[in-house]
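Each remark here refers to the structure printed beneath this line.
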Amino acid sequence: MTQEQSQTSAPGSAAVDVLLRDYLRQPGVADELFDPGGQIRPVWSAFLTELARLDPSDVDRSFARADQYLRDAGVFFRHYSSDPLQERAWPLSHVPVILAAHEWDTICSGLQQRADLLERVAADLYGAGELVRKGHLPARLIAGNPQWLRPMVGVQPASGHFLHSMAFEIGRGPDGRWFVLSDRAQAPSGAGFALENRMATTRIFPQPFPRARVQRLAGFFRAFRETMERLPDMSGRLSAILTPGPSTDTYFEHMYIARYLGLMLLEGDDLLVDDGEVKVRTVEGLKPIGVLWRRLDADFADPMELNEYSQIGTPGLVEALRSGYPHMINALGVGVLETRAMMAFLPKISEILTGETLRLPNIATWWCGQRAERDYVKKNVDRMVISDALSCALPFNIPDTDAGVSMRPGARQDRCLADRIDADGPALVGQEAVTLSTTPVWFNGRLVPRPMTVRVFAARTPEGWTFMPGGYARIGREGEATSLAMQDGGAVADVWIMNEARAPRDTLFGSGRTFREEPGFLPSRAADNLFWLGRYIERTESTIRLLRAYHHRFAEAGNPDEPLLRDLQAYLSGVGTDVTVPVPQALNDLLMAAQTCAGRVRDRFSTDGWAALQDLAATQTSMTGITEPGDEAARAMRVLLRKITAFSGLVHENMYRFTGWRFLSLGRALERSDAMAAALAQFADRSAPIGALDLMVEYGDSVMTHQRRYRIETGRQSVVDLLALDHDNPRAILFQLRAMCTMAEALPGAVDEGQVSDVLRMLLPLETELAVAHPDEMTTRRLTSLRSQLAEVSRVVSSRYLI
């Protein structure tokens, strides 16, 4: 296609002309920057003037600030994967899409009509069924649709509405008019990422003008949260987001919105149905759920009545919904509204149900299950996209079929394709091959046009539908409207809705009295992951300290057959660590386990803490090239030790002292006590080789303390006293037992009807016993017995709070 150089004819400066001199538009393609007459749209003028004042190096530095913010904030996306650590950087396109407020209002008016129509269609499909009965929707199309869930027929939502949250993918055609490309009702994603887009572009363009005229996003979320809180019969019930878990591609958004709105983030196994009511397992017992904002596909929600192979659902959830609770956002089964074939019938259904034509039309669609429509598609296949009738993907993101027939726009009509349409007509739709408008993107130091769509988010409130003012655009690669998905190399951009005057200030929180709310309930799964995060981090640190001690001594002796080195090698082998490998796989495995636990509580974990843990893991991975034991390996362990202690300090000193912190600290204290008891049993035994006691003092990070407190050479009594019985030494077992008692006293149910909990009943005698013990009493046998008692404490904690 030929291209023409854009003429700005702009109300602006010569600098703007220079900025746009290489901006090449495609003839016949609408562009967000220019109106149909080739003039710069007024809404872009102020932005271009500001951008033109910067030289390319300044622009690059500004964009780098946004990228750095996204990295620091931990914004990511991923493919669906069983590995929760395979994260990809958020692909921000730095130049926002700018739309005028009056144009946005027109778009939202059309989408409000569409959202109301889809609500009525959903109510009919799961209610009276008049649309199918009267032939306005083909029975075959609905009954054969896997998104139509037969168990949900007749189940009326407790709120009275099937749809509470919607998203619409829209594009602008060559004539400048907007149209709908897809409807998102199942579990609309992107609203949380829109917030991060806005935060990032704020770093790029911190100047008050023109940003002061951009409408804010927070009010949209405030209105939605207030609506959830005001749903019927919410008193004493909790609100939560139901996520498929860390392996989903949008998990960051789930945890981000949970933190932003103060909601619990739950997985299917956090819930159970008790006496017909959905409840969440917490460390304080079962608590009723009032609202579930569902972010997993409906088919996986209940393995008893829906997908029997689902491992992420809650058995009995459908039956609970029949009983009336919880409020489900959105209702199970509304994914049927997303299928491509539905678009072929919505224009006519709108006229039947409302007497109105669609103010914002959808992309022209023909279902090939009807003869006339099938013949029309075959006749006009060269300007069609042929695709799966029941798919929910965008119409231009279409793979070749496994039959080898090209189904992309512009395909040649041959006999093979015609036969395919005839044979599989009900399974196919033809959709108009759309040409998307373009928007400016900064590429190689200049502005260039790229295809784009806008995702619009809607939320139901008592006053009707409210719309997020912009926030999310998907940007394709050069000349490729089929590459808008991030997995295909596409990018995302902020969308600014620009007022003519200053936009009113809007925040997530309304004005009023400042008060301190009580901490929320902690789900048992979150407590379990925090508990084991503490254990895995402490276990990793213990292993690093022992490896450092081994390599120091190897460097000095040069002989792995020295008695102490043999004992240390055997001890580490017993816990799965191969010292013949300078940076053993066991370290990687421990850090992976810690990352997995932290990843499952990202909504309760600080961004800095997560970044520190990632940095620790990356540092360990970078050391795998070390091949020889000795000094180099010892230096590597010192680096890892500094980083892991920095992580522990960051987390433990900065984390709010609520129930989650107590489980994290309890796990850490248990692991440290157990590791110290195990090491003392081995290296403080009377038969231990020469140097073993010095090794123990080094392992316990207590060399200086021993020198100052005892003023003698290391002996068994002084070492055991310092590392087992000293209540002031944070490395000592007694110190950790006292810390565990303090934490256990603050856990839910610590005292019930005057009786202490099972956890305290085990810890208190242990603490007392060690407080009065003499070092000579802490024999190898007693230390081994102590480890068994600590293991029983761990089992009781798990049984009481975590399972």
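Ordering of the structure tokens sets the chain letters (A, B, ...); residue numbers start at 1 within each chain; ligands are numbered from 1 in the order shown.
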
Q | Residues flagged alpha helix (DSSP H) by DSSP in segment 227-410 of chain A, as a ChimeraX atom specification | A | /A:227-229,251-261,317-323,346-354,371-379

Q: Compile the contact shell of Ser798 of chain A as a count of residues only: residues with an atom at most 12 Å away, counting only C-alpha atoms, same-chain residues fewer than 4 positions apart removed.
A: 20

Compile a residue-level contact table for segment 530-621 of chain A against segment 688-696 of chain A at a cut-off of 9 Å, reporting for every qualifying residue the shortest atom pair and its distance in Å to one decimal, with only C-alpha atoms counted, rows ordered by chain and ascending number, as a tab-separated table.
```
residue	atom	partner	partner_atom	distance
A:Leu546	CA	A:Leu695	CA	8.7
A:Ala549	CA	A:Leu695	CA	6.9
A:Pro563	CA	A:Pro689	CA	6.2
A:Leu564	CA	A:Pro689	CA	5.7
A:Asp567	CA	A:Pro689	CA	8.1
```

Q: Compile the contact shell of segment 325-339 of chain A as a ChimeraX atom specification: residues with an atom at most 7 Å away, counting only C-alpha atoms, same-chain residues fewer than 4 positions apart removed.
A: /A:122,147-149,152,157-159,162-165,182-186,277-278,289-294,298,320-321,389-392

Only C-alpha atoms, please: the residues just picked out, written as a PDB file, in the first residue's frame.
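Saved result, result09.pdb, follows:
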```pdb
ATOM      1  CA  ALA A 122     -28.243 -13.386  29.551  1.00  0.00           C
ATOM      2  CA  GLN A 147     -19.981 -21.426  27.401  1.00  0.00           C
ATOM      3  CA  TRP A 148     -23.722 -21.976  27.917  1.00  0.00           C
ATOM      4  CA  LEU A 149     -23.906 -23.817  31.234  1.00  0.00           C
ATOM      5  CA  MET A 152     -27.189 -22.525  35.650  1.00  0.00           C
ATOM      6  CA  PRO A 157     -28.429 -14.000  40.708  1.00  0.00           C
ATOM      7  CA  ALA A 158     -28.900 -12.772  44.260  1.00  0.00           C
ATOM      8  CA  SER A 159     -28.261  -9.200  43.127  1.00  0.00           C
ATOM      9  CA  PHE A 162     -26.109 -11.302  35.619  1.00  0.00           C
ATOM     10  CA  LEU A 163     -23.568  -8.662  34.621  1.00  0.00           C
ATOM     11  CA  HIS A 164     -21.732  -6.318  36.980  1.00  0.00           C
ATOM     12  CA  SER A 165     -18.434  -5.885  35.157  1.00  0.00           C
ATOM     13  CA  SER A 182     -15.669  -8.082  20.985  1.00  0.00           C
ATOM     14  CA  ASP A 183     -17.644  -8.196  24.228  1.00  0.00           C
ATOM     15  CA  ARG A 184     -15.960  -9.354  27.438  1.00  0.00           C
ATOM     16  CA  ALA A 185     -18.350 -10.720  30.066  1.00  0.00           C
ATOM     17  CA  GLN A 186     -16.727 -13.913  31.337  1.00  0.00           C
ATOM     18  CA  GLU A 277     -23.165 -21.280  52.046  1.00  0.00           C
ATOM     19  CA  VAL A 278     -19.772 -20.434  50.547  1.00  0.00           C
ATOM     20  CA  ILE A 289     -18.428 -14.879  51.665  1.00  0.00           C
ATOM     21  CA  GLY A 290     -20.828 -12.217  50.433  1.00  0.00           C
ATOM     22  CA  VAL A 291     -19.302 -11.237  47.074  1.00  0.00           C
ATOM     23  CA  LEU A 292     -16.992 -13.141  44.751  1.00  0.00           C
ATOM     24  CA  TRP A 293     -15.490 -11.106  41.926  1.00  0.00           C
ATOM     25  CA  ARG A 294     -14.775 -14.042  39.647  1.00  0.00           C
ATOM     26  CA  ALA A 298     -17.022 -20.252  34.790  1.00  0.00           C
ATOM     27  CA  ALA A 320     -24.728 -22.516  46.849  1.00  0.00           C
ATOM     28  CA  LEU A 321     -25.633 -20.052  44.103  1.00  0.00           C
ATOM     29  CA  ALA A 389     -18.206 -19.423  15.580  1.00  0.00           C
ATOM     30  CA  LEU A 390     -17.827 -20.182  19.269  1.00  0.00           C
ATOM     31  CA  SER A 391     -14.435 -18.543  19.764  1.00  0.00           C
ATOM     32  CA  CYS A 392     -14.109 -15.493  21.990  1.00  0.00           C
TER      33      CYS A 392
END
```

Q) Rounded to one decimal in Å, what is the spacing between atom CA of Val703 of chain A and atom CA of Ala633 of chain A? A)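 For atom CA of Val703 of chain A relative to atom CA of Ala633 of chain A, the distance reads 21.5 Å.
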
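Proximity to Ala200 of chain A was assessed for A:Asp494, A:Glu351, A:Glu632, A:Asp701 counting only C-alpha atoms; the smallest distance is recorded for A:Asp494.
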
(Q) Using only C-alpha atoms for the distances, tell me which of A:Ser239, A:Ser109, A:Gln707, A:Asn588 is nearest to Val719 of chain A. (A)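 Residue with the minimum atom-to-atom distance to Val719 of chain A: A:Gln707.
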
Q: Just list the residues in segment 126-352 of chain A DSSP gives strand (DSSP E or B) on the backbone, as a PyMOL selection string.
A: chain A and resi 165-172+178-184+214+238-242+264-266+271-274+277-282+285-294+327-329

For the residues in that selection, give me N, CA and C atoms as a tab-separated table (two decimals), in the first residue's frame.
```
chain	number	residue	atom	x	y	z
A	165	SER	N	-19.71	-6.39	35.69
A	165	SER	CA	-18.43	-5.89	35.16
A	165	SER	C	-18.34	-6.30	33.70
A	166	MET	N	-18.03	-5.35	32.84
A	166	MET	CA	-17.94	-5.64	31.40
A	166	MET	C	-16.71	-4.96	30.81
A	167	ALA	N	-16.25	-5.50	29.70
A	167	ALA	CA	-15.22	-4.82	28.91
A	167	ALA	C	-15.59	-4.99	27.44
A	168	PHE	N	-15.27	-3.99	26.67
A	168	PHE	CA	-15.58	-4.00	25.24
A	168	PHE	C	-14.32	-3.61	24.48
A	169	GLU	N	-13.98	-4.41	23.49
A	169	GLU	CA	-12.87	-4.07	22.60
A	169	GLU	C	-13.46	-3.31	21.42
A	170	ILE	N	-13.01	-2.07	21.21
A	170	ILE	CA	-13.56	-1.26	20.13
A	170	ILE	C	-12.44	-0.78	19.23
A	171	GLY	N	-12.79	-0.50	17.99
A	171	GLY	CA	-11.84	0.05	17.03
A	171	GLY	C	-12.51	1.12	16.19
A	172	ARG	N	-11.68	1.92	15.55
A	172	ARG	CA	-12.20	2.96	14.66
A	172	ARG	C	-11.96	2.53	13.22
A	178	TRP	N	-16.57	4.49	15.33
A	178	TRP	CA	-16.17	3.40	16.20
A	178	TRP	C	-17.12	2.22	16.06
A	179	PHE	N	-16.59	1.01	16.28
A	179	PHE	CA	-17.42	-0.19	16.26
A	179	PHE	C	-16.87	-1.18	17.29
A	180	VAL	N	-17.71	-2.11	17.69
A	180	VAL	CA	-17.33	-3.10	18.71
A	180	VAL	C	-16.72	-4.32	18.03
A	181	LEU	N	-15.55	-4.71	18.50
A	181	LEU	CA	-14.87	-5.89	17.99
A	181	LEU	C	-15.16	-7.13	18.83
A	182	SER	N	-15.35	-6.94	20.13
A	182	SER	CA	-15.67	-8.08	20.99
A	182	SER	C	-16.25	-7.59	22.30
A	183	ASP	N	-17.07	-8.45	22.91
A	183	ASP	CA	-17.64	-8.20	24.23
A	183	ASP	C	-16.96	-9.11	25.23
A	184	ARG	N	-16.62	-8.58	26.40
A	184	ARG	CA	-15.96	-9.35	27.44
A	184	ARG	C	-16.85	-9.39	28.68
A	214	VAL	N	-6.64	15.59	31.94
A	214	VAL	CA	-6.94	14.17	31.72
A	214	VAL	C	-7.83	13.65	32.85
A	238	LEU	N	-17.82	-11.32	53.71
A	238	LEU	CA	-16.58	-10.81	53.14
A	238	LEU	C	-16.69	-10.68	51.63
A	239	SER	N	-15.90	-9.76	51.09
A	239	SER	CA	-15.78	-9.59	49.64
A	239	SER	C	-14.41	-10.09	49.21
A	240	ALA	N	-14.36	-10.73	48.05
A	240	ALA	CA	-13.09	-11.33	47.61
A	240	ALA	C	-13.03	-11.41	46.10
A	241	ILE	N	-11.80	-11.50	45.59
A	241	ILE	CA	-11.54	-11.79	44.19
A	241	ILE	C	-11.17	-13.27	44.10
A	242	LEU	N	-11.82	-13.97	43.18
A	242	LEU	CA	-11.56	-15.40	42.99
A	242	LEU	C	-10.65	-15.55	41.77
A	264	MET	N	-9.94	-9.53	49.68
A	264	MET	CA	-9.21	-10.78	49.81
A	264	MET	C	-8.98	-11.36	48.41
A	265	LEU	N	-7.82	-11.98	48.21
A	265	LEU	CA	-7.53	-12.69	46.97
A	265	LEU	C	-7.56	-14.18	47.27
A	266	LEU	N	-8.53	-14.88	46.70
A	266	LEU	CA	-8.76	-16.28	47.04
A	266	LEU	C	-8.63	-17.17	45.81
A	271	LEU	N	-11.96	-21.97	49.47
A	271	LEU	CA	-13.39	-21.93	49.75
A	271	LEU	C	-13.94	-23.32	49.96
A	272	LEU	N	-15.01	-23.39	50.71
A	272	LEU	CA	-15.80	-24.61	50.78
A	272	LEU	C	-17.26	-24.22	50.98
A	273	VAL	N	-18.12	-25.14	50.64
A	273	VAL	CA	-19.55	-24.91	50.81
A	273	VAL	C	-19.98	-25.64	52.07
A	274	ASP	N	-20.45	-24.86	53.03
A	274	ASP	CA	-20.84	-25.38	54.33
A	274	ASP	C	-22.29	-25.02	54.59
A	277	GLU	N	-23.73	-22.62	52.10
A	277	GLU	CA	-23.16	-21.28	52.05
A	277	GLU	C	-21.67	-21.36	51.76
A	278	VAL	N	-21.19	-20.47	50.89
A	278	VAL	CA	-19.77	-20.43	50.55
A	278	VAL	C	-19.01	-19.73	51.66
A	279	LYS	N	-17.96	-20.40	52.16
A	279	LYS	CA	-17.15	-19.83	53.24
A	279	LYS	C	-15.68	-19.97	52.88
A	280	VAL	N	-14.89	-19.08	53.46
A	280	VAL	CA	-13.45	-19.11	53.24
A	280	VAL	C	-12.77	-19.68	54.48
A	281	ARG	N	-11.78	-20.53	54.24
A	281	ARG	CA	-10.98	-21.07	55.34
A	281	ARG	C	-10.00	-20.00	55.80
A	282	THR	N	-10.10	-19.57	57.02
A	282	THR	CA	-9.15	-18.61	57.58
A	282	THR	C	-8.52	-19.20	58.83
A	285	GLY	N	-11.00	-19.68	61.48
A	285	GLY	CA	-12.13	-20.55	61.21
A	285	GLY	C	-12.83	-20.14	59.93
A	286	LEU	N	-13.97	-20.75	59.66
A	286	LEU	CA	-14.73	-20.48	58.44
A	286	LEU	C	-15.47	-19.15	58.55
A	287	LYS	N	-15.36	-18.34	57.48
A	287	LYS	CA	-16.04	-17.05	57.43
A	287	LYS	C	-16.87	-16.97	56.16
A	288	PRO	N	-18.11	-16.45	56.25
A	288	PRO	CA	-19.00	-16.43	55.08
A	288	PRO	C	-18.56	-15.39	54.04
A	289	ILE	N	-18.74	-15.76	52.80
A	289	ILE	CA	-18.43	-14.88	51.67
A	289	ILE	C	-19.71	-14.24	51.15
A	290	GLY	N	-19.66	-12.92	50.96
A	290	GLY	CA	-20.83	-12.22	50.43
A	290	GLY	C	-20.73	-11.92	48.96
A	291	VAL	N	-19.52	-11.58	48.48
A	291	VAL	CA	-19.30	-11.24	47.07
A	291	VAL	C	-18.05	-11.94	46.58
A	292	LEU	N	-18.15	-12.59	45.44
A	292	LEU	CA	-16.99	-13.14	44.75
A	292	LEU	C	-16.86	-12.45	43.40
A	293	TRP	N	-15.80	-11.69	43.23
A	293	TRP	CA	-15.49	-11.11	41.93
A	293	TRP	C	-14.69	-12.16	41.18
A	294	ARG	N	-15.34	-12.85	40.29
A	294	ARG	CA	-14.77	-14.04	39.65
A	294	ARG	C	-13.82	-13.66	38.53
A	327	HIS	N	-23.07	-13.27	46.11
A	327	HIS	CA	-23.20	-12.47	44.90
A	327	HIS	C	-22.01	-12.80	44.01
A	328	MET	N	-22.27	-13.13	42.75
A	328	MET	CA	-21.19	-13.52	41.84
A	328	MET	C	-21.03	-12.46	40.76
A	329	ILE	N	-19.81	-11.96	40.63
A	329	ILE	CA	-19.49	-10.96	39.61
A	329	ILE	C	-18.46	-11.59	38.67
```

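Considering the residues A:Ile537, A:Ala101, A:Leu747, A:Ala64 and counting only C-alpha atoms, Arg657 of chain A has its shortest atom-to-atom contact with A:Leu747.
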
Q. Any idea what's packed within 7 Å of Ser673 of chain A, counting only C-alpha atoms, ignoring anything in its chain fewer than 4 positions away? Could you give it as a ChimeraX atom specification?
A. /A:669,677,733,736

(Q) List the spatial neighbours of Pro451 of chain A as a list in words - criterion: any atom at most 6 Å away, only C-alpha atoms, same-chain residues fewer than 3 positions off excluded. (A)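 Residues near the query, excluding close chain neighbours: Leu436, Ser437, Thr438, Ile475, Gly476 and Ala481 of chain A.
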
Would you export the selected residues with N, CA and C atoms as an mmCIF file, in the first residue's frame, please?
```
data_model
loop_
_atom_site.group_PDB
_atom_site.id
_atom_site.type_symbol
_atom_site.label_atom_id
_atom_site.label_comp_id
_atom_site.auth_asym_id
_atom_site.auth_seq_id
_atom_site.Cartn_x
_atom_site.Cartn_y
_atom_site.Cartn_z
ATOM 1 N N LEU A 436 -8.059 -1.306 11.008
ATOM 2 C CA LEU A 436 -8.061 -0.526 12.231
ATOM 3 C C LEU A 436 -7.397 0.822 12.037
ATOM 4 N N SER A 437 -7.827 1.784 12.821
ATOM 5 C CA SER A 437 -7.165 3.085 12.812
ATOM 6 C C SER A 437 -5.783 2.948 13.437
ATOM 7 N N THR A 438 -4.930 3.927 13.187
ATOM 8 C CA THR A 438 -3.587 3.932 13.743
ATOM 9 C C THR A 438 -3.449 5.048 14.777
ATOM 10 N N ILE A 475 -1.774 -2.033 21.106
ATOM 11 C CA ILE A 475 -1.045 -1.498 19.962
ATOM 12 C C ILE A 475 -0.398 -2.645 19.198
ATOM 13 N N GLY A 476 -0.599 -2.644 17.871
ATOM 14 C CA GLY A 476 -0.012 -3.681 17.039
ATOM 15 C C GLY A 476 1.343 -3.278 16.489
ATOM 16 N N ALA A 481 -2.362 -5.763 11.913
ATOM 17 C CA ALA A 481 -3.506 -5.704 12.823
ATOM 18 C C ALA A 481 -3.709 -7.030 13.532
#
```

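Shortest separation to Arg731 of chain A among A:Gly268, A:Gly700, A:Gly754, A:Pro462 occurs at residue A:Gly700, atoms counted being only C-alpha atoms.
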
Q: Identify, on the basis of only C-alpha atoms, every residue whose closest approach to Arg213 of chain A does not exceed 6 Å; exclude the query and any residue fewer than 6 positions from it along the same chain; express the result as a list of chain:residue names.
A: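 These residues fall inside the cut-off: A:Met498, A:Asn499, A:Ala501, A:Arg502, A:Ala503.
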
(Q) When you look at segment 201-207 of chain A with a cut-off of 9 Å (counting only C-alpha atoms), what residues show up, excluding the ones that are within fewer than 5 positions of it in the same chain? I need them as a PyMOL selection string. (A) chain A and resi 50-51+59+61-66+69+94-96+196+212+493-494

Using only C-alpha atoms, what table do you get, as CSV, when you list each residue of segment 148-261 of chain A with an atom no more than 10 Å from segment 22-45 of chain A, its nearest pair of atoms, and their distance in Å rounded to one decimal, rows by chain then rising number?
```
residue,atom,partner,partner_atom,distance
A:Arg172,CA,A:Ala30,CA,7.1
A:Gly173,CA,A:Ala30,CA,6.5
A:Pro174,CA,A:Ala30,CA,4.7
A:Asp175,CA,A:Ala30,CA,6.9
A:Gly176,CA,A:Ala30,CA,6.0
A:Arg177,CA,A:Ala30,CA,9.2
A:Pro210,CA,A:Ser45,CA,9.4
```

Q | Using only C-alpha atoms: which of A:Val751, A:Val121, A:Ala744, A:Ala732 has the shortest distance to Leu770 of chain A | A | A:Ala732

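As for atom CA of Arg477 of chain A and atom CA of Val441 of chain A, they are spaced 9.9 Å apart.
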